[in-house]
$ cat entry_25.txt   # compact mmCIF, C-alpha atoms and all ligand atoms
# COMPACT_ATOMS: atom_id res chain seq x y z
CA MET A 23 -23.56 14.46 1.29
CA ALA A 24 -25.15 13.72 -2.10
CA ASN A 25 -24.84 9.97 -1.73
CA GLU A 26 -25.99 9.88 1.89
CA ARG A 27 -29.19 7.96 2.38
CA GLN A 28 -32.18 10.21 3.14
CA SER A 29 -34.30 8.88 5.97
CA GLY A 30 -37.24 6.98 4.55
CA SER A 31 -35.86 7.03 0.98
CA PRO A 32 -35.05 3.76 -0.81
CA CYS A 33 -31.40 2.77 -0.74
CA ASP A 34 -29.48 2.07 -3.93
CA LYS A 35 -26.76 -0.22 -2.53
CA GLU A 36 -24.31 0.52 -5.29
CA THR A 37 -24.19 4.28 -4.73
CA CYS A 38 -25.33 4.75 -1.12
CA GLU A 39 -22.33 5.97 0.89
CA SER A 40 -23.60 4.58 4.20
CA CYS A 41 -24.12 1.09 2.81
CA ARG A 42 -20.95 1.17 0.75
CA THR A 43 -18.61 1.87 3.66
CA LYS A 44 -20.51 0.08 6.43
CA PRO A 45 -18.61 -3.02 7.64
CA SER A 46 -20.61 -6.07 6.49
CA ALA A 47 -22.89 -7.68 9.02
CA PRO A 48 -22.34 -11.43 9.55
CA ALA A 49 -25.56 -12.16 7.65
CA ASP A 50 -24.34 -10.55 4.39
CA ARG A 51 -20.83 -11.98 4.62
CA ASP A 52 -19.65 -12.53 1.10
CA ILE A 53 -19.33 -16.19 0.21
CA ASP A 54 -15.65 -15.55 -0.53
CA THR A 55 -14.87 -14.11 2.89
CA GLU A 56 -13.99 -17.43 4.44
CA ARG A 57 -11.76 -18.31 1.49
CA ILE A 58 -9.91 -15.01 1.87
CA GLU A 59 -9.46 -15.55 5.59
CA ARG A 60 -8.18 -19.08 4.99
CA SER A 61 -5.82 -17.91 2.29
CA LEU A 62 -4.30 -15.21 4.55
CA SER A 63 -4.38 -17.25 7.76
CA THR A 64 -0.67 -18.17 7.53
CA ILE A 65 0.36 -14.49 7.64
CA ARG A 66 1.02 -12.81 10.97
CA TYR A 67 0.79 -9.10 10.12
CA LYS A 68 -0.88 -7.46 7.12
CA PHE A 69 -0.23 -3.86 6.19
CA LEU A 70 -2.12 -1.78 3.67
CA VAL A 71 0.07 0.99 2.30
CA MET A 72 -2.48 3.66 1.44
CA SER A 73 -2.82 7.25 0.41
CA GLY A 74 -5.58 9.61 -0.61
CA LYS A 75 -3.31 10.70 -3.44
CA GLY A 76 -1.37 8.99 -6.23
CA GLY A 77 2.28 9.78 -6.83
CA VAL A 78 3.23 10.29 -3.18
CA GLY A 79 5.48 7.22 -3.13
CA LYS A 80 3.19 4.41 -1.96
CA SER A 81 4.76 1.81 -4.24
CA SER A 82 8.32 3.00 -3.56
CA ILE A 83 7.72 2.76 0.17
CA SER A 84 5.99 -0.64 -0.07
CA THR A 85 8.99 -1.91 -2.04
CA SER A 86 11.57 -0.36 0.29
CA LEU A 87 9.87 -1.62 3.46
CA ALA A 88 9.53 -5.10 1.96
CA VAL A 89 13.19 -5.30 0.90
CA GLY A 90 14.36 -3.75 4.19
CA MET A 91 12.30 -6.15 6.30
CA SER A 92 13.43 -9.18 4.28
CA GLN A 93 17.06 -8.13 4.82
CA LYS A 94 16.38 -8.31 8.56
CA GLY A 95 15.26 -11.94 8.20
CA MET A 96 11.51 -11.38 8.26
CA ARG A 97 9.48 -13.52 5.87
CA VAL A 98 7.75 -10.93 3.73
CA GLY A 99 5.10 -10.94 1.00
CA LEU A 100 4.66 -7.91 -1.25
CA MET A 101 1.39 -7.62 -3.14
CA ASP A 102 0.42 -4.94 -5.64
CA VAL A 103 -3.35 -4.54 -5.96
CA ASP A 104 -3.27 -1.06 -7.53
CA LEU A 105 -5.32 -2.04 -10.57
CA HIS A 106 -4.91 1.30 -12.37
CA GLY A 107 -1.22 1.84 -11.70
CA PRO A 108 0.53 -1.39 -10.76
CA SER A 109 4.24 -0.65 -10.59
CA ILE A 110 5.70 -3.08 -8.07
CA ALA A 111 6.74 -5.67 -10.68
CA THR A 112 8.69 -3.01 -12.59
CA MET A 113 10.22 -1.54 -9.45
CA MET A 114 11.32 -4.99 -8.26
CA GLY A 115 12.50 -6.09 -11.71
CA ILE A 116 10.24 -9.12 -11.57
CA GLU A 117 9.00 -10.51 -14.85
CA GLN A 118 5.99 -12.53 -15.90
CA PRO A 119 4.82 -15.23 -16.25
CA ILE A 120 3.86 -16.55 -12.87
CA SER A 121 3.17 -20.21 -12.14
CA VAL A 122 0.02 -21.67 -10.65
CA THR A 123 -0.55 -24.65 -8.37
CA PRO A 124 -2.61 -27.63 -9.57
CA ASP A 125 -5.61 -26.07 -7.79
CA GLN A 126 -5.07 -22.83 -9.73
CA ARG A 127 -3.57 -20.67 -6.98
CA MET A 128 -0.90 -18.17 -8.03
CA ILE A 129 2.64 -18.73 -6.82
CA PRO A 130 4.38 -15.44 -5.98
CA LYS A 131 7.83 -14.79 -7.40
CA SER A 132 10.78 -15.01 -5.04
CA TYR A 133 12.91 -11.85 -4.91
CA ASN A 134 15.26 -13.34 -2.32
CA ASP A 135 15.03 -16.13 0.28
CA TYR A 136 12.75 -14.04 2.46
CA LEU A 137 10.70 -11.95 0.04
CA LYS A 138 7.92 -13.05 -2.32
CA VAL A 139 6.18 -10.69 -4.74
CA ILE A 140 2.99 -10.69 -6.74
CA SER A 141 1.28 -7.98 -8.75
CA ILE A 142 -2.24 -7.66 -10.10
CA ASP A 143 -0.70 -6.63 -13.41
CA TYR A 144 -0.07 -10.33 -14.03
CA LEU A 145 -3.83 -10.53 -14.59
CA LEU A 146 -3.95 -7.68 -17.11
CA GLN A 147 -3.53 -8.87 -20.67
CA ASP A 148 -2.34 -5.60 -22.14
CA LYS A 149 -0.57 -3.41 -19.62
CA ASP A 150 -0.68 -0.36 -21.89
CA GLN A 151 -4.48 -0.34 -21.97
CA PRO A 152 -6.39 1.43 -19.18
CA VAL A 153 -8.60 -0.69 -16.97
CA ILE A 154 -12.16 0.40 -17.72
CA TRP A 155 -14.09 -2.35 -15.95
CA ARG A 156 -17.20 -1.37 -14.04
CA GLY A 157 -16.89 -0.94 -10.27
CA PRO A 158 -18.33 -4.32 -9.17
CA VAL A 159 -16.13 -6.21 -11.67
CA LYS A 160 -13.05 -4.41 -10.39
CA MET A 161 -13.98 -5.13 -6.78
CA GLY A 162 -14.54 -8.80 -7.63
CA ALA A 163 -11.19 -9.03 -9.45
CA ILE A 164 -9.36 -7.46 -6.50
CA ARG A 165 -11.02 -9.82 -4.00
CA GLN A 166 -10.31 -12.83 -6.17
CA PHE A 167 -6.68 -11.80 -6.62
CA ILE A 168 -6.24 -11.43 -2.85
CA THR A 169 -7.80 -14.87 -2.32
CA ASP A 170 -5.90 -16.85 -4.91
CA VAL A 171 -2.25 -16.42 -3.94
CA GLN A 172 -0.37 -19.21 -2.27
CA TRP A 173 1.83 -17.36 0.24
CA GLY A 174 2.74 -20.03 2.78
CA GLU A 175 3.97 -18.86 6.19
CA LEU A 176 4.80 -15.14 6.32
CA ASP A 177 5.65 -12.71 9.09
CA VAL A 178 4.43 -9.72 7.12
CA LEU A 179 2.32 -9.05 4.03
CA ILE A 180 2.66 -5.56 2.57
CA ILE A 181 -0.17 -4.63 0.24
CA ASP A 182 0.27 -1.67 -2.09
CA ALA A 183 -3.36 -0.53 -2.16
CA PRO A 184 -5.09 1.55 -4.85
CA PRO A 185 -5.06 5.31 -4.07
CA GLY A 186 -8.04 7.37 -3.01
CA THR A 187 -11.08 6.55 -0.94
CA GLY A 188 -13.24 4.86 -3.57
CA ASP A 189 -14.47 1.34 -4.25
CA GLU A 190 -11.02 -0.11 -4.89
CA PRO A 191 -9.30 0.67 -1.58
CA LEU A 192 -12.63 -0.16 0.04
CA SER A 193 -12.68 -3.65 -1.45
CA VAL A 194 -9.12 -4.24 -0.21
CA ALA A 195 -9.95 -2.95 3.29
CA GLN A 196 -13.04 -5.13 3.47
CA ALA A 197 -11.23 -8.21 2.16
CA VAL A 198 -8.28 -8.01 4.57
CA LYS A 199 -10.14 -7.25 7.75
CA ASP A 200 -7.25 -7.54 10.19
CA ALA A 201 -4.91 -5.34 8.12
CA LYS A 202 -3.32 -2.22 9.57
CA ALA A 203 -2.99 0.89 7.43
CA ILE A 204 0.29 2.69 6.79
CA VAL A 205 -0.77 6.04 5.36
CA VAL A 206 1.67 7.82 3.08
CA THR A 207 1.84 11.56 2.55
CA THR A 208 4.25 14.16 1.27
CA PRO A 209 4.77 17.21 3.46
CA GLN A 210 2.97 19.78 1.32
CA ASP A 211 -0.54 21.06 2.08
CA VAL A 212 -2.33 19.68 -1.01
CA ALA A 213 -1.20 16.13 -0.22
CA LEU A 214 -2.07 16.50 3.45
CA ALA A 215 -5.67 17.48 2.64
CA ASP A 216 -6.13 14.26 0.63
CA VAL A 217 -4.44 12.16 3.27
CA ARG A 218 -6.76 13.54 5.97
CA LYS A 219 -9.60 12.11 3.84
CA SER A 220 -7.78 8.79 3.69
CA ILE A 221 -7.47 8.69 7.48
CA ASN A 222 -11.17 9.39 7.89
CA PHE A 223 -11.87 6.65 5.34
CA CYS A 224 -9.88 4.14 7.45
CA ARG A 225 -11.80 5.18 10.54
CA LYS A 226 -15.13 4.84 8.77
CA VAL A 227 -14.41 1.31 7.54
CA ASP A 228 -12.87 0.24 10.90
CA LEU A 229 -9.41 -0.22 9.44
CA GLN A 230 -6.81 0.18 12.16
CA ILE A 231 -4.21 2.83 11.33
CA LEU A 232 -0.67 1.87 12.30
CA GLY A 233 0.72 5.30 11.45
CA ILE A 234 1.75 7.88 8.89
CA VAL A 235 4.91 7.88 6.77
CA GLU A 236 5.98 11.22 5.37
CA ASN A 237 7.77 10.81 2.05
CA MET A 238 9.87 13.19 -0.07
CA GLY A 239 10.87 15.17 3.00
CA PRO A 240 14.01 17.33 3.30
CA PHE A 241 17.31 15.84 2.11
CA THR A 242 20.96 16.77 2.38
CA CYS A 243 22.36 17.99 -0.92
CA PRO A 244 25.33 15.74 -1.84
CA CYS A 245 27.11 18.70 -3.48
CA CYS A 246 26.88 21.49 -0.90
CA GLY A 247 25.60 19.70 2.24
CA GLU A 248 22.67 22.13 2.52
CA THR A 249 19.24 20.81 3.56
CA VAL A 250 16.87 20.99 0.60
CA GLU A 251 13.09 21.01 1.03
CA VAL A 252 11.46 19.97 -2.25
CA PHE A 253 7.93 19.62 -0.85
CA LYS A 254 8.34 21.68 2.36
CA SER A 255 8.80 19.90 5.69
CA GLY A 256 7.03 18.91 8.87
CA GLY A 257 3.56 18.43 7.36
CA GLY A 258 3.43 14.71 8.18
CA LYS A 259 4.31 15.32 11.83
CA ALA A 260 1.72 18.10 12.12
CA LEU A 261 -0.92 15.84 10.57
CA ALA A 262 0.03 12.93 12.84
CA ASP A 263 -0.28 15.16 15.92
CA GLN A 264 -3.54 16.67 14.72
CA MET A 265 -5.14 13.29 13.95
CA ASN A 266 -3.58 11.59 16.98
CA ILE A 267 -1.78 8.94 14.91
CA PRO A 268 1.86 7.82 15.28
CA LEU A 269 4.37 9.22 12.78
CA LEU A 270 6.30 6.14 11.66
CA GLY A 271 9.01 8.12 9.92
CA THR A 272 10.07 10.81 7.50
CA LEU A 273 11.82 9.65 4.34
CA PRO A 274 14.00 12.14 2.51
CA PHE A 275 13.66 13.04 -1.14
CA GLU A 276 16.19 10.73 -2.80
CA PRO A 277 17.09 11.55 -6.41
CA LYS A 278 18.67 8.10 -6.93
CA LEU A 279 15.37 6.41 -6.04
CA VAL A 280 13.77 7.48 -9.31
CA LYS A 281 16.47 5.73 -11.37
CA ALA A 282 16.45 2.70 -9.09
CA CYS A 283 12.65 2.30 -9.49
CA ASP A 284 12.84 2.54 -13.27
CA ALA A 285 15.76 0.11 -13.43
CA GLY A 286 13.91 -2.50 -11.32
CA ARG A 287 16.65 -2.37 -8.70
CA PRO A 288 15.20 -1.35 -5.32
CA MET A 289 17.42 1.21 -3.54
CA LEU A 290 17.88 -1.02 -0.52
CA SER A 291 19.20 -3.91 -2.62
CA GLU A 292 22.45 -1.96 -3.04
CA LYS A 293 23.20 -2.41 0.68
CA THR A 294 25.13 0.87 0.81
CA SER A 295 23.96 3.09 3.63
CA THR A 296 22.19 6.24 2.40
CA GLU A 297 20.03 8.85 4.10
CA PHE A 298 17.01 7.10 2.53
CA SER A 299 17.99 3.55 3.59
CA ARG A 300 18.67 4.74 7.15
CA ALA A 301 15.25 6.41 7.24
CA ILE A 302 13.60 3.19 6.01
CA ASP A 303 15.46 1.22 8.70
CA ALA A 304 14.25 3.66 11.36
CA CYS A 305 10.73 3.31 9.99
CA ILE A 306 10.91 -0.50 10.24
CA VAL A 307 12.09 -0.21 13.87
CA ARG A 308 9.16 2.12 14.62
CA ILE A 309 6.67 -0.23 12.89
CA THR A 310 8.00 -3.15 14.94
CA GLU A 311 7.62 -1.10 18.14
CA GLU A 312 4.05 -0.19 17.24
CA LEU A 313 3.24 -3.90 16.84
CA SER A 314 4.65 -4.97 20.20
P1 LIG B 401 2.58 6.05 -5.87
O1 LIG B 401 2.69 4.58 -5.75
O2 LIG B 401 2.06 6.71 -4.62
O3 LIG B 401 1.82 6.50 -7.07
P2 LIG B 401 5.39 5.96 -6.57
O4 LIG B 401 6.02 5.13 -5.52
O5 LIG B 401 5.14 5.33 -7.90
O6 LIG B 401 4.06 6.65 -6.03
O7 LIG B 401 6.31 7.25 -6.72
C1 LIG B 401 6.03 8.25 -7.71
C2 LIG B 401 7.34 8.78 -8.24
O8 LIG B 401 8.05 9.43 -7.20
C3 LIG B 401 8.27 7.69 -8.76
O9 LIG B 401 8.93 8.19 -9.88
C4 LIG B 401 9.27 7.48 -7.64
O10 LIG B 401 10.53 7.06 -8.11
C5 LIG B 401 9.34 8.86 -7.03
N1 LIG B 401 9.61 8.86 -5.59
C6 LIG B 401 8.93 8.23 -4.62
N2 LIG B 401 9.47 8.45 -3.41
C7 LIG B 401 10.55 9.27 -3.63
C8 LIG B 401 11.55 9.86 -2.79
N3 LIG B 401 11.57 9.68 -1.47
N4 LIG B 401 12.50 10.60 -3.41
C9 LIG B 401 12.52 10.81 -4.73
N5 LIG B 401 11.61 10.28 -5.57
C10 LIG B 401 10.64 9.52 -5.03
MG MG B 402 1.89 3.07 -7.03

$ encode --input "entry_25.txt" --output "structure tokens"
Amino acid sequence: MANERQSGSPCDKETCESCRTKPSAPADRDIDTERIERSLSTIRYKFLVMSGKGGVGKSSISTSLAVGMSQKGMRVGLMDVDLHGPSIATMMGIEQPISVTPDQRMIPKSYNDYLKVISIDYLLQDKDQPVIWRGPVKMGAIRQFITDVQWGELDVLIIDAPPGTGDEPLSVAQAVKDAKAIVVTTPQDVALADVRKSINFCRKVDLQILGIVENMGPFTCPCCGETVEVFKSGGGKALADQMNIPLLGTLPFEPKLVKACDAGRPMLSEKTSTEFSRAIDACIVRITEELS
């Protein structure tokens, strides 16, 4: 690998792959690490919703799991740290500005009695401008954002992580050390190849993988009742078997989800039972089983 450290050659910490992904030794613990741990210490389970690929439905699934879990009485936090494509606030219909405590910690917005939401886009001054900060600045901003939210007691924190296997998901994985990854894929081969990379990334940085969720799977056509495969089928299950990871569920392609996301009205808020909401419910049951 180009970035791999050659034996005997000097190591450039910023680009060296081995140093970059190696879990930090106690001696080089970042001074913020304890603050992050303290800030997240009132949260029982932390999930990182990840994918090697953008556009596979990470944010839609984070949102749906969060709403679904809150409807079952779990105290849930939903946090969007996808610096380049934060979409949770839009999908949840949650507006700025946010309030801060006297000691400058951000107070998440309440979606309902059980669900609180915060997005890194609250920190971006102009949401239409691309983020072009250098790597270390981005990593620092992500760490600071994770540290400075006042969650209170939560059963679950769902973090919509940045896509890929670069510095951004790495900084999230290193900041939230006891998080478990929920890896999202679509069934088709090109997505699966990227997701395999994502799984290897989790293993390399010692991030426990809770399981895989396959999104945009087959759905039943409301007009003719035929099963429609938009992105093929079965790829998530094959990948889960191959990588020896639990398959947490297969979510169908749901045409109404696109409108719901754009309208800031999460599908599950409607409370009508759909193929998609039933699949999310089954996924939540499976996640709960994996935790026990
Ligand atoms: P990511 O966060 O991985 O980039 P998003 O959650 O933003 O992906 O989803 C990308 C697009 O796909 C959005 O327009 C969303 O509405 C749509 N989408 C996601 N999941 C589904 C699904 N199961 N059925 C139909 N559309 C979906
Ligand atoms: Mg997203």

$ atom_distance --input "entry_25.txt" --atom1 "atom CA of A:Met238" --atom2 "atom CA of A:Phe223"
23.3 Å

$ residues_near_ligand --input "entry_25.txt" --ligand "ligand MG 402 (chain B)" --cutoff "7 Å" --atoms "only C-alpha atoms and all ligand atoms" --output "JSON, numbers by chain"
{"A": [76, 77, 79, 80, 81, 104, 107, 108, 109]}

$ residues_near_ligand --input "entry_25.txt" --ligand "ligand LIG 401 (chain B)" --cutoff "8 Å" --atoms "only C-alpha atoms and all ligand atoms" --output "VMD selection string"
chain A and resid 73 75 to 84 107 109 182 185 206 237 to 239 273 to 284 298

$ residues_around --input "entry_25.txt" --residues "A:Asp170" --least-positions-apart "5" --cutoff "10 Å" --atoms "only C-alpha atoms" --output "ChimeraX atom specification"
/A:57-58,61-62,122,125-129,165

$ closest_residue --input "entry_25.txt" --among "A:Ser141, A:Thr169, A:Gln151, A:Ser314" --to "A:Arg60" --atoms "only C-alpha atoms"
A:Thr169

$ residues_around --input "entry_25.txt" --residues "A:Glu175" --least-positions-apart "2" --cutoff "9 Å" --atoms "all atoms listed in the file" --output "ChimeraX atom specification"
/A:63-66,97,173,177

$ closest_residue --input "entry_25.txt" --among "A:Ser299, A:Asn266, A:Thr55, A:Ser255" --to "A:Thr85" --atoms "all atoms listed in the file"
A:Ser299

$ decode --input "entry_25.txt" --residues "stretch 137-254 of chain A" --atoms "C-alpha atoms" --output "mmCIF file, in the first residue's frame"
data_model
loop_
_atom_site.group_PDB
_atom_site.id
_atom_site.type_symbol
_atom_site.label_atom_id
_atom_site.label_comp_id
_atom_site.auth_asym_id
_atom_site.auth_seq_id
_atom_site.Cartn_x
_atom_site.Cartn_y
_atom_site.Cartn_z
ATOM 1 C CA LEU A 137 -36.039 11.565 20.965
ATOM 2 C CA LYS A 138 -33.446 14.349 20.876
ATOM 3 C CA VAL A 139 -31.652 15.422 17.707
ATOM 4 C CA ILE A 140 -28.553 17.390 16.849
ATOM 5 C CA SER A 141 -26.749 17.937 13.569
ATOM 6 C CA ILE A 142 -23.274 19.200 12.770
ATOM 7 C CA ASP A 143 -24.874 21.461 10.178
ATOM 8 C CA TYR A 144 -25.791 23.770 13.061
ATOM 9 C CA LEU A 145 -22.072 24.620 13.112
ATOM 10 C CA LEU A 146 -21.869 25.424 9.407
ATOM 11 C CA GLN A 147 -22.517 29.071 8.672
ATOM 12 C CA ASP A 148 -23.539 28.668 5.052
ATOM 13 C CA LYS A 149 -25.037 25.280 4.318
ATOM 14 C CA ASP A 150 -24.815 25.777 0.554
ATOM 15 C CA GLN A 151 -21.024 26.101 0.644
ATOM 16 C CA PRO A 152 -18.885 22.945 0.555
ATOM 17 C CA VAL A 153 -16.731 22.213 3.579
ATOM 18 C CA ILE A 154 -13.142 22.587 2.409
ATOM 19 C CA TRP A 155 -11.335 22.531 5.742
ATOM 20 C CA ARG A 156 -8.089 20.617 5.959
ATOM 21 C CA GLY A 157 -8.209 17.101 7.432
ATOM 22 C CA PRO A 158 -6.964 17.904 10.960
ATOM 23 C CA VAL A 159 -9.393 20.842 11.288
ATOM 24 C CA LYS A 160 -12.279 18.631 10.237
ATOM 25 C CA MET A 161 -11.258 15.912 12.667
ATOM 26 C CA GLY A 162 -10.992 18.482 15.465
ATOM 27 C CA ALA A 163 -14.418 19.936 14.637
ATOM 28 C CA ILE A 164 -16.014 16.481 14.652
ATOM 29 C CA ARG A 165 -14.419 15.577 17.997
ATOM 30 C CA GLN A 166 -15.425 18.886 19.526
ATOM 31 C CA PHE A 167 -18.987 18.517 18.258
ATOM 32 C CA ILE A 168 -19.245 15.027 19.777
ATOM 33 C CA THR A 169 -17.911 16.361 23.088
ATOM 34 C CA ASP A 170 -20.050 19.441 23.457
ATOM 35 C CA VAL A 171 -23.615 18.127 23.413
ATOM 36 C CA GLN A 172 -25.611 17.907 26.594
ATOM 37 C CA TRP A 173 -27.575 14.666 26.131
ATOM 38 C CA GLY A 174 -28.553 13.700 29.663
ATOM 39 C CA GLU A 175 -29.557 10.076 30.271
ATOM 40 C CA LEU A 176 -30.122 8.081 27.076
ATOM 41 C CA ASP A 177 -30.676 4.419 26.285
ATOM 42 C CA VAL A 178 -29.334 4.765 22.768
ATOM 43 C CA LEU A 179 -27.317 7.268 20.752
ATOM 44 C CA ILE A 180 -27.479 6.813 16.984
ATOM 45 C CA ILE A 181 -24.683 8.581 15.139
ATOM 46 C CA ASP A 182 -25.020 9.131 11.404
ATOM 47 C CA ALA A 183 -21.322 8.893 10.516
ATOM 48 C CA PRO A 184 -19.569 10.334 7.457
ATOM 49 C CA PRO A 185 -19.303 7.823 4.573
ATOM 50 C CA GLY A 186 -16.144 6.106 3.423
ATOM 51 C CA THR A 187 -13.083 4.915 5.273
ATOM 52 C CA GLY A 188 -11.154 8.184 5.543
ATOM 53 C CA ASP A 189 -10.210 10.582 8.315
ATOM 54 C CA GLU A 190 -13.774 11.606 9.115
ATOM 55 C CA PRO A 191 -15.295 8.225 10.005
ATOM 56 C CA LEU A 192 -11.967 7.455 11.658
ATOM 57 C CA SER A 193 -12.223 10.459 13.959
ATOM 58 C CA VAL A 194 -15.758 9.418 14.944
ATOM 59 C CA ALA A 195 -14.694 5.807 15.574
ATOM 60 C CA GLN A 196 -11.759 6.929 17.679
ATOM 61 C CA ALA A 197 -13.835 9.449 19.641
ATOM 62 C CA VAL A 198 -16.658 7.049 20.539
ATOM 63 C CA LYS A 199 -14.618 4.046 21.514
ATOM 64 C CA ASP A 200 -17.418 1.855 22.848
ATOM 65 C CA ALA A 201 -19.678 2.412 19.829
ATOM 66 C CA LYS A 202 -20.983 -0.482 17.762
ATOM 67 C CA ALA A 203 -21.191 -0.165 13.996
ATOM 68 C CA ILE A 204 -24.354 -0.727 11.977
ATOM 69 C CA VAL A 205 -23.124 -1.047 8.409
ATOM 70 C CA VAL A 206 -25.536 -0.099 5.639
ATOM 71 C CA THR A 207 -25.464 -1.479 2.120
ATOM 72 C CA THR A 208 -27.732 -1.815 -0.865
ATOM 73 C CA PRO A 209 -27.953 -5.244 -2.467
ATOM 74 C CA GLN A 210 -26.066 -4.514 -5.683
ATOM 75 C CA ASP A 211 -22.449 -5.556 -6.277
ATOM 76 C CA VAL A 212 -20.889 -2.064 -6.528
ATOM 77 C CA ALA A 213 -22.230 -1.093 -3.103
ATOM 78 C CA LEU A 214 -21.178 -4.406 -1.578
ATOM 79 C CA ALA A 215 -17.563 -3.927 -2.685
ATOM 80 C CA ASP A 216 -17.408 -0.573 -0.854
ATOM 81 C CA VAL A 217 -19.127 -1.962 2.202
ATOM 82 C CA ARG A 218 -16.611 -4.812 2.426
ATOM 83 C CA LYS A 219 -13.969 -2.065 2.737
ATOM 84 C CA SER A 220 -16.019 -0.434 5.470
ATOM 85 C CA ILE A 221 -16.176 -3.706 7.420
ATOM 86 C CA ASN A 222 -12.418 -4.140 7.153
ATOM 87 C CA PHE A 223 -12.025 -0.533 8.316
ATOM 88 C CA CYS A 224 -14.096 -1.283 11.447
ATOM 89 C CA ARG A 225 -11.979 -4.342 12.145
ATOM 90 C CA LYS A 226 -8.757 -2.402 11.701
ATOM 91 C CA VAL A 227 -9.770 0.344 14.145
ATOM 92 C CA ASP A 228 -11.238 -2.165 16.658
ATOM 93 C CA LEU A 229 -14.784 -0.914 16.209
ATOM 94 C CA GLN A 230 -17.234 -3.659 17.088
ATOM 95 C CA ILE A 231 -19.676 -4.419 14.268
ATOM 96 C CA LEU A 232 -23.227 -5.047 15.445
ATOM 97 C CA GLY A 233 -24.407 -6.080 11.989
ATOM 98 C CA ILE A 234 -25.358 -5.195 8.443
ATOM 99 C CA VAL A 235 -28.596 -3.576 7.273
ATOM 100 C CA GLU A 236 -29.494 -4.063 3.636
ATOM 101 C CA ASN A 237 -31.449 -1.102 2.288
ATOM 102 C CA MET A 238 -33.461 -0.575 -0.907
ATOM 103 C CA GLY A 239 -34.186 -4.283 -1.167
ATOM 104 C CA PRO A 240 -37.158 -5.824 -3.021
ATOM 105 C CA PHE A 241 -40.604 -4.294 -2.445
ATOM 106 C CA THR A 242 -44.158 -5.243 -3.269
ATOM 107 C CA CYS A 243 -45.611 -3.070 -6.011
ATOM 108 C CA PRO A 244 -48.762 -1.379 -4.627
ATOM 109 C CA CYS A 245 -50.404 -1.530 -8.073
ATOM 110 C CA CYS A 246 -49.868 -5.120 -9.220
ATOM 111 C CA GLY A 247 -48.590 -6.881 -6.074
ATOM 112 C CA GLU A 248 -45.484 -8.109 -7.924
ATOM 113 C CA THR A 249 -42.117 -8.124 -6.127
ATOM 114 C CA VAL A 250 -39.861 -5.461 -7.644
ATOM 115 C CA GLU A 251 -36.082 -5.580 -7.299
ATOM 116 C CA VAL A 252 -34.659 -2.108 -7.949
ATOM 117 C CA PHE A 253 -31.107 -2.903 -6.813
ATOM 118 C CA LYS A 254 -31.245 -6.725 -7.036
#
